[in-house]
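Asker: So that you have it, the file is query-v8.csv, and it contains CSV, C-alpha atoms:
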```csv
chain,number,residue,atom,x,y,z
H,1,MET,CA,12.4,4.0,-15.1
H,2,SER,CA,13.9,1.5,-17.6
H,3,GLU,CA,10.9,1.3,-20.0
H,4,SER,CA,7.9,3.3,-21.1
H,5,LYS,CA,5.4,0.6,-20.1
H,6,PRO,CA,6.6,-1.2,-17.0
H,7,THR,CA,4.6,-4.0,-15.4
H,8,VAL,CA,3.5,-3.8,-11.8
H,9,ALA,CA,2.1,-6.6,-9.7
H,10,VAL,CA,-0.3,-6.4,-6.8
H,11,VAL,CA,-0.5,-9.2,-4.2
H,12,GLN,CA,-3.7,-10.1,-2.3
H,13,LEU,CA,-3.2,-12.2,0.9
H,14,ASN,CA,-5.3,-14.0,3.4
H,15,GLY,CA,-2.9,-13.2,6.2
H,16,ARG,CA,-2.2,-15.8,8.8
H,17,ALA,CA,-1.4,-15.2,12.5
H,18,ASP,CA,2.4,-15.4,12.3
H,19,TRP,CA,5.3,-15.0,9.8
H,20,ASN,CA,6.1,-18.7,9.8
H,21,SER,CA,2.7,-19.3,8.3
H,22,ASN,CA,2.7,-16.4,5.9
H,23,ARG,CA,6.3,-16.8,4.8
H,24,PRO,CA,5.9,-19.6,2.2
H,25,VAL,CA,2.8,-18.0,0.7
H,26,VAL,CA,4.5,-14.6,0.3
H,27,GLU,CA,7.6,-16.2,-1.2
H,28,ARG,CA,5.5,-18.1,-3.7
H,29,LEU,CA,3.5,-15.0,-4.7
H,30,ILE,CA,6.6,-12.8,-5.2
H,31,ALA,CA,8.1,-15.5,-7.4
H,32,GLN,CA,4.9,-15.7,-9.4
H,33,ALA,CA,4.9,-11.9,-9.8
H,34,ALA,CA,8.5,-12.0,-11.1
H,35,ASP,CA,7.7,-14.8,-13.5
H,36,GLY,CA,4.8,-12.6,-14.8
H,37,GLY,CA,7.3,-9.9,-15.7
H,38,ALA,CA,6.7,-7.4,-12.9
H,39,CYS,CA,9.5,-5.0,-12.1
H,40,VAL,CA,7.8,-3.9,-8.9
H,41,VAL,CA,5.5,-5.9,-6.6
H,42,VAL,CA,3.2,-4.3,-4.0
H,43,LEU,CA,2.4,-6.3,-0.9
H,44,PRO,CA,-0.5,-5.7,1.6
H,45,GLU,CA,-0.7,-4.2,5.0
H,46,ASN,CA,0.0,-6.4,8.0
H,47,LEU,CA,2.3,-8.5,5.8
H,48,LEU,CA,4.1,-10.0,8.8
H,49,ALA,CA,1.0,-11.3,10.6
H,50,MET,CA,-2.7,-10.9,11.3
H,51,PRO,CA,-2.7,-12.2,14.9
H,52,ALA,CA,-5.6,-12.8,17.1
H,53,ASP,CA,-4.6,-9.7,19.2
H,54,PRO,CA,-3.0,-6.8,17.4
H,55,ARG,CA,-0.9,-6.2,20.5
H,56,GLU,CA,1.1,-9.4,19.7
H,57,LEU,CA,2.7,-7.4,16.9
H,58,ILE,CA,4.7,-5.4,19.5
H,59,ALA,CA,6.7,-8.5,20.6
H,60,MET,CA,6.9,-9.6,16.9
H,61,ALA,CA,8.6,-6.4,16.0
H,62,ALA,CA,11.8,-7.4,17.9
H,63,THR,CA,11.8,-11.0,16.9
H,64,ASP,CA,10.0,-11.8,13.6
H,65,THR,CA,10.3,-8.4,11.8
H,66,PRO,CA,14.1,-8.7,11.4
H,67,ARG,CA,13.7,-12.2,10.0
H,68,ALA,CA,11.0,-11.1,7.6
H,69,VAL,CA,13.1,-8.2,6.3
H,70,ARG,CA,16.0,-10.7,5.6
H,71,ASP,CA,13.6,-13.0,3.8
H,72,LEU,CA,12.1,-10.2,1.7
H,73,SER,CA,15.5,-8.8,0.8
H,74,ALA,CA,16.6,-12.2,-0.3
H,75,TRP,CA,13.5,-12.8,-2.4
H,76,ALA,CA,13.8,-9.4,-4.1
H,77,LYS,CA,17.4,-10.2,-5.0
H,78,GLN,CA,16.7,-13.7,-6.1
H,79,SER,CA,13.7,-12.7,-8.3
H,80,GLY,CA,15.2,-9.4,-9.6
H,81,VAL,CA,12.2,-7.3,-8.6
H,82,TRP,CA,11.6,-4.3,-6.3
H,83,LEU,CA,9.2,-4.9,-3.4
H,84,VAL,CA,6.9,-2.4,-1.7
H,85,ALA,CA,6.6,-4.5,1.4
H,86,GLY,CA,4.0,-3.3,3.8
H,87,THR,CA,3.3,-3.1,6.5
H,88,LEU,CA,5.6,-4.6,9.1
H,89,PRO,CA,5.7,-3.7,12.8
H,90,PHE,CA,8.9,-1.8,13.6
H,91,VAL,CA,10.3,-0.7,17.0
H,92,PRO,CA,9.8,3.1,16.8
H,93,ASP,CA,12.7,5.5,16.8
H,94,ASP,CA,11.4,7.4,19.8
H,95,PRO,CA,12.1,5.5,23.1
H,96,ALA,CA,9.0,7.2,24.6
H,97,ASP,CA,6.9,5.0,22.3
H,98,SER,CA,8.4,1.7,23.5
H,99,ASP,CA,4.9,0.3,24.2
H,100,ARG,CA,3.8,0.7,20.5
H,101,VAL,CA,5.2,0.0,17.1
H,102,ALA,CA,5.4,1.8,13.7
H,103,ALA,CA,3.4,0.4,10.8
H,104,ARG,CA,6.2,0.5,8.3
H,105,THR,CA,6.2,-0.1,4.5
H,106,LEU,CA,9.7,-0.9,3.1
H,107,VAL,CA,10.8,-0.2,-0.5
H,108,ILE,CA,13.4,-2.9,-1.3
H,109,ASN,CA,15.3,-2.8,-4.6
H,110,ALA,CA,16.3,-5.7,-6.8
H,111,GLN,CA,19.6,-6.0,-5.1
H,112,GLY,CA,17.8,-6.6,-1.8
H,113,LYS,CA,18.6,-3.2,-0.3
H,114,VAL,CA,16.0,-1.2,1.6
H,115,VAL,CA,16.1,2.2,-0.2
H,116,ASP,CA,13.3,3.9,1.8
H,117,HIS,CA,10.4,3.4,4.1
H,118,TYR,CA,7.1,5.0,5.0
H,119,ASP,CA,5.4,4.9,8.4
H,120,LYS,CA,1.6,5.0,8.3
H,121,ILE,CA,0.5,8.6,9.1
H,122,HIS,CA,-3.3,8.2,9.7
H,123,LEU,CA,-4.4,5.6,12.3
H,124,PHE,CA,-7.7,3.8,12.2
H,125,ASP,CA,-9.4,4.9,15.4
H,126,VAL,CA,-13.1,4.5,14.6
H,127,VAL,CA,-16.4,2.9,15.6
H,128,LEU,CA,-18.3,1.5,12.6
H,129,PRO,CA,-22.1,1.9,12.1
H,130,ASP,CA,-22.6,-1.7,13.2
H,131,GLY,CA,-20.8,-1.0,16.5
H,132,GLU,CA,-17.5,-2.8,15.6
H,133,SER,CA,-14.6,-0.7,16.9
H,134,TYR,CA,-10.9,-0.3,16.0
H,135,ARG,CA,-8.3,1.7,17.8
H,136,GLU,CA,-4.9,1.3,16.0
H,137,SER,CA,-3.3,4.0,18.2
H,138,ASN,CA,-3.3,1.5,21.0
H,139,THR,CA,-0.8,-0.6,19.1
H,140,PHE,CA,0.8,1.8,16.5
H,141,VAL,CA,2.5,5.2,16.7
H,142,ALA,CA,1.7,7.4,13.7
H,143,GLY,CA,4.4,8.4,11.2
H,144,ASP,CA,5.1,12.1,10.4
H,145,ARG,CA,7.0,11.9,7.1
H,146,THR,CA,5.7,11.8,3.6
H,147,VAL,CA,7.7,9.7,1.1
H,148,VAL,CA,8.2,9.8,-2.7
H,149,VAL,CA,10.7,7.4,-4.1
H,150,ASP,CA,12.0,6.6,-7.6
H,151,THR,CA,11.3,3.0,-8.7
H,152,PRO,CA,11.6,1.1,-12.0
H,153,ALA,CA,7.9,1.7,-12.5
H,154,GLY,CA,8.2,5.5,-12.0
H,155,ARG,CA,8.0,7.9,-9.1
H,156,LEU,CA,6.1,6.4,-6.2
H,157,GLY,CA,4.1,8.2,-3.6
H,158,MET,CA,3.6,6.1,-0.5
H,159,ALA,CA,0.4,5.7,1.6
H,160,THR,CA,-1.3,3.0,3.7
H,161,CYS,CA,-4.9,1.9,4.1
H,162,PHE,CA,-6.7,4.6,6.2
H,163,ASP,CA,-4.5,7.3,4.5
H,164,LEU,CA,-6.9,6.8,1.6
H,165,ARG,CA,-9.4,9.0,3.2
H,166,PHE,CA,-7.2,12.1,3.3
H,167,PRO,CA,-6.9,13.5,-0.2
H,168,GLU,CA,-4.5,16.2,0.8
H,169,LEU,CA,-1.8,13.6,1.4
H,170,PHE,CA,-2.1,12.4,-2.2
H,171,THR,CA,-2.1,16.0,-3.6
H,172,HIS,CA,1.1,16.6,-1.7
H,173,LEU,CA,2.7,13.4,-3.1
H,174,ALA,CA,1.6,14.4,-6.6
H,175,GLU,CA,3.1,17.8,-6.2
H,176,ALA,CA,6.3,16.1,-5.3
H,177,GLY,CA,6.2,14.3,-8.6
H,178,ALA,CA,4.5,11.0,-7.9
H,179,ASP,CA,3.2,9.2,-11.0
H,180,TRP,CA,1.7,6.3,-9.0
H,181,PHE,CA,0.6,5.6,-5.4
H,182,CYS,CA,0.9,2.4,-3.4
H,183,LEU,CA,-1.7,1.6,-0.8
H,184,PRO,CA,-1.0,-1.6,1.3
H,185,SER,CA,-4.3,-2.2,3.1
H,186,ALA,CA,-6.5,-4.3,5.3
H,187,PHE,CA,-9.9,-2.6,4.8
H,188,THR,CA,-12.8,-4.1,6.8
H,189,ARG,CA,-15.6,-5.6,4.8
H,190,PRO,CA,-18.2,-2.9,5.8
H,191,THR,CA,-15.9,0.0,4.9
H,192,GLY,CA,-14.6,-1.7,1.8
H,193,GLU,CA,-18.1,-2.4,0.5
H,194,ALA,CA,-19.1,1.2,1.0
H,195,HIS,CA,-16.0,3.2,0.1
H,196,TRP,CA,-13.0,1.2,-1.3
H,197,HIS,CA,-13.6,1.4,-5.1
H,198,VAL,CA,-14.9,5.0,-5.1
H,199,LEU,CA,-12.0,6.4,-3.0
H,200,LEU,CA,-9.3,4.6,-4.9
H,201,ARG,CA,-10.7,5.8,-8.2
H,202,ALA,CA,-11.1,9.3,-6.9
H,203,ARG,CA,-7.4,9.5,-5.7
H,204,ALA,CA,-6.3,8.3,-9.2
H,205,ILE,CA,-8.6,10.8,-11.1
H,206,GLU,CA,-7.7,13.8,-8.9
H,207,ASN,CA,-4.0,13.4,-9.3
H,208,SER,CA,-3.7,11.8,-12.8
H,209,ALA,CA,-1.8,8.9,-11.3
H,210,TRP,CA,-2.0,5.1,-11.0
H,211,VAL,CA,-3.1,3.6,-7.7
H,212,VAL,CA,-1.9,0.1,-6.7
H,213,ALA,CA,-3.8,-1.1,-3.7
H,214,ALA,CA,-2.7,-4.4,-2.2
H,215,ALA,CA,-5.2,-5.8,0.2
H,216,GLN,CA,-5.8,-8.4,2.8
H,217,VAL,CA,-8.8,-10.6,2.2
H,218,GLY,CA,-11.1,-13.1,4.1
H,219,ARG,CA,-11.4,-14.2,7.7
H,220,HIS,CA,-8.4,-13.8,10.1
H,221,ALA,CA,-7.3,-15.1,13.5
H,222,ASP,CA,-9.1,-12.4,15.3
H,223,GLY,CA,-12.4,-13.4,13.7
H,224,ARG,CA,-12.6,-10.2,11.7
H,225,GLU,CA,-13.0,-10.1,7.9
H,226,THR,CA,-11.1,-8.0,5.4
H,227,PHE,CA,-12.6,-6.9,2.1
H,228,GLY,CA,-10.0,-7.8,-0.5
H,229,HIS,CA,-10.5,-6.4,-4.0
H,230,SER,CA,-6.9,-5.5,-4.5
H,231,LEU,CA,-7.0,-2.9,-7.3
H,232,ILE,CA,-4.9,-1.3,-9.9
H,233,VAL,CA,-6.5,1.9,-11.1
H,234,ASP,CA,-5.3,4.0,-14.0
H,235,PRO,CA,-5.0,7.8,-14.0
H,236,TRP,CA,-8.4,8.2,-15.8
H,237,GLY,CA,-10.0,6.2,-12.9
H,238,ARG,CA,-10.5,2.9,-14.8
H,239,VAL,CA,-10.1,-0.3,-12.8
H,240,LEU,CA,-7.4,-2.3,-14.7
H,241,GLU,CA,-7.4,-5.2,-12.2
H,242,ASP,CA,-9.6,-6.3,-9.3
H,243,ALA,CA,-8.7,-9.4,-7.3
H,244,ARG,CA,-12.1,-9.5,-5.8
H,245,ASP,CA,-12.3,-12.1,-2.9
H,246,THR,CA,-9.6,-14.4,-4.2
H,247,ALA,CA,-7.1,-15.4,-1.5
H,248,ASP,CA,-3.3,-15.5,-2.1
H,249,CYS,CA,-3.2,-14.2,-5.6
H,250,VAL,CA,-1.3,-11.8,-7.9
H,251,ARG,CA,-2.7,-9.4,-10.5
H,252,PHE,CA,-0.7,-7.4,-13.1
H,253,ALA,CA,-1.0,-4.2,-15.1
H,254,ARG,CA,1.3,-2.1,-17.3
H,255,PHE,CA,1.9,1.6,-16.8
H,256,ASP,CA,1.6,3.3,-20.2
H,257,TYR,CA,3.7,6.5,-19.7
H,258,PRO,CA,3.3,7.8,-23.3
H,259,TRP,CA,-0.4,7.7,-22.7
H,260,LEU,CA,-0.1,9.4,-19.3
H,261,GLN,CA,2.0,12.2,-20.8
H,262,GLY,CA,-0.7,12.8,-23.4
H,263,LEU,CA,-3.5,12.7,-20.8
H,264,ARG,CA,-1.7,15.3,-18.7
H,265,GLN,CA,-1.2,17.6,-21.7
H,266,ARG,CA,-4.9,17.4,-22.7
H,267,PHE,CA,-6.4,17.4,-19.2
H,268,PRO,CA,-3.8,19.3,-17.1
H,269,VAL,CA,-5.6,19.2,-13.7
H,270,ARG,CA,-2.3,19.6,-11.8
H,271,LYS,CA,-1.4,22.8,-13.6
H,272,LEU,CA,-4.8,24.2,-13.2
H,273,HIS,CA,-4.9,23.7,-9.4
H,274,ARG,CA,-4.8,27.1,-7.7
H,275,ALA,CA,-3.0,25.8,-4.6
H,276,ALA,CA,-2.0,29.2,-3.3
H,277,LEU,CA,-5.7,29.9,-2.5
H,278,PHE,CA,-5.9,27.1,0.1
H,279,ALA,CA,-4.5,26.7,3.6
H,280,GLY,CA,-0.8,26.4,3.7
H,281,GLY,CA,-0.5,26.9,0.0
H,282,ARG,CA,-1.6,23.3,-0.7
```
Could I get this structure in the form of structure tokens?
Answerer:
Amino acid sequence: MSESKPTVAVVQLNGRADWNSNRPVVERLIAQAADGGACVVVLPENLLAMPADPRELIAMAATDTPRAVRDLSAWAKQSGVWLVAGTLPFVPDDPADSDRVAARTLVINAQGKVVDHYDKIHLFDVVLPDGESYRESNTFVAGDRTVVVDTPAGRLGMATCFDLRFPELFTHLAEAGADWFCLPSAFTRPTGEAHWHVLLRARAIENSAWVVAAAQVGRHADGRETFGHSLIVDPWGRVLEDARDTADCVRFARFDYPWLQGLRQRFPVRKLHRAALFAGGR
């Protein structure tokens, strides 16, 4: 980390149905984030496309994803920022899963190099109270690797959207040294209205870590609506930025590491956690 108070940007996007439509918007927002002084920019889930049928992402993985990765790498290098670019559909490593894709978030450094990636672990297979249903496992294969990576904004623990509901993942990332979490997301409006703010604040408070949640917002090609409200939450649970329902925008916050060190000394929840009493020692 190059400074004690790095600036991080969160991008909120009203995702279109294909990369050709999203490309100029994403390029503009990354440039805007860089102009605002961000060293790391977090982008939302389904960054490549929000198509009318999620299964379209399977074909896009072989054609549009490589092009998007080249674009994102070029923009990171041109702007001199790190990107947390997620998610993009990737052909999975296991040939047995050729009929599905991985929901992958890339970490791209300021030289345009992919330094790590995270595949979404928890898939959104639910029926909402209003009867609306989602089954991500029809399109996506779940990841099986947790990821913590050093960035100019500090040590980052990676998670995606539905992962938010599983606090043990964030505890594991915090124990691995994460000072902040990313959460590229496309929360539905009903679940967002009910749970988004409280869960994000809880994950920050529980782990004394910042949470940067980049969200999709508004109506998309499949007719469904995402909640928006991209947030940056500090380790005390305070909402530093909330993009609300604004489409295609950037919000900024600074990570105050001297303040965080003081907080952890005065309120040492990590040290007081008796992990050995719980299943698996975690």
Asker: Leaving out Ser185 (chain H) and any residue of its chain fewer than 2 positions from it, which residues lie within 9 Å of it when counting only C-alpha atoms, given as a list in words?
Answerer: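 The neighbour list is Leu43, Pro44, Glu45, Asn46, Gly86, Thr87, Thr160, Cys161, Phe162, Leu183, Phe187, Ala213, Ala214, Ala215, Gln216, Gly228 and Ser230 of chain H.
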Asker: Only C-alpha atoms, please: the residues just picked out, written as a compact mmCIF listing (two decimals), in the coordinates of the input.
Answerer:
```txt
# COMPACT_ATOMS: atom_id res chain seq x y z
CA LEU H 43 2.40 -6.30 -0.90
CA PRO H 44 -0.50 -5.70 1.60
CA GLU H 45 -0.70 -4.20 5.00
CA ASN H 46 0.00 -6.40 8.00
CA GLY H 86 4.00 -3.30 3.80
CA THR H 87 3.30 -3.10 6.50
CA THR H 160 -1.30 3.00 3.70
CA CYS H 161 -4.90 1.90 4.10
CA PHE H 162 -6.70 4.60 6.20
CA LEU H 183 -1.70 1.60 -0.80
CA PHE H 187 -9.90 -2.60 4.80
CA ALA H 213 -3.80 -1.10 -3.70
CA ALA H 214 -2.70 -4.40 -2.20
CA ALA H 215 -5.20 -5.80 0.20
CA GLN H 216 -5.80 -8.40 2.80
CA GLY H 228 -10.00 -7.80 -0.50
CA SER H 230 -6.90 -5.50 -4.50
```
Asker: State, in Å with one decimal place, the distance from CA of Gln12 (chain H) to CA of Asp248 (chain H).
Answerer: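 Value for the CA of Gln12 (chain H)-CA of Asp248 (chain H) distance: 5.4 Å.
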Asker: Find the residues around Arg28 (chain H) up to 12 Å (all atoms listed in the file counted), leave out those fewer than 6 positions away in its own chain, and share them as number ranges by chain.
Answerer: H: 11, 13, 22, 34-35, 72, 75, 79, 248-250
Asker: Per residue of region 120-193 of chain H within 12 Å of region 217-224 of chain H, note the shortest atom pair and the distance in Å to one decimal, counting only C-alpha atoms, and order the rows by chain and increasing residue number, as CSV.
Answerer:
```
residue,atom,partner,partner_atom,distance
H:Glu132,CA,H:Arg224,CA,9.7
H:Ser133,CA,H:Arg224,CA,11.0
H:Tyr134,CA,H:Arg224,CA,10.9
H:Pro184,CA,H:Val217,CA,11.9
H:Ser185,CA,H:Val217,CA,9.6
H:Ala186,CA,H:Val217,CA,7.4
H:Phe187,CA,H:Val217,CA,8.5
H:Thr188,CA,H:Arg224,CA,7.8
H:Arg189,CA,H:Gly218,CA,8.8
H:Pro190,CA,H:Arg224,CA,10.9
H:Gly192,CA,H:Val217,CA,10.6
```
Asker: Just give me the gap between CA of Ala17 (chain H) and CA of Ala38 (chain H) in Å, one decimal is fine.
Answerer: 27.8 Å
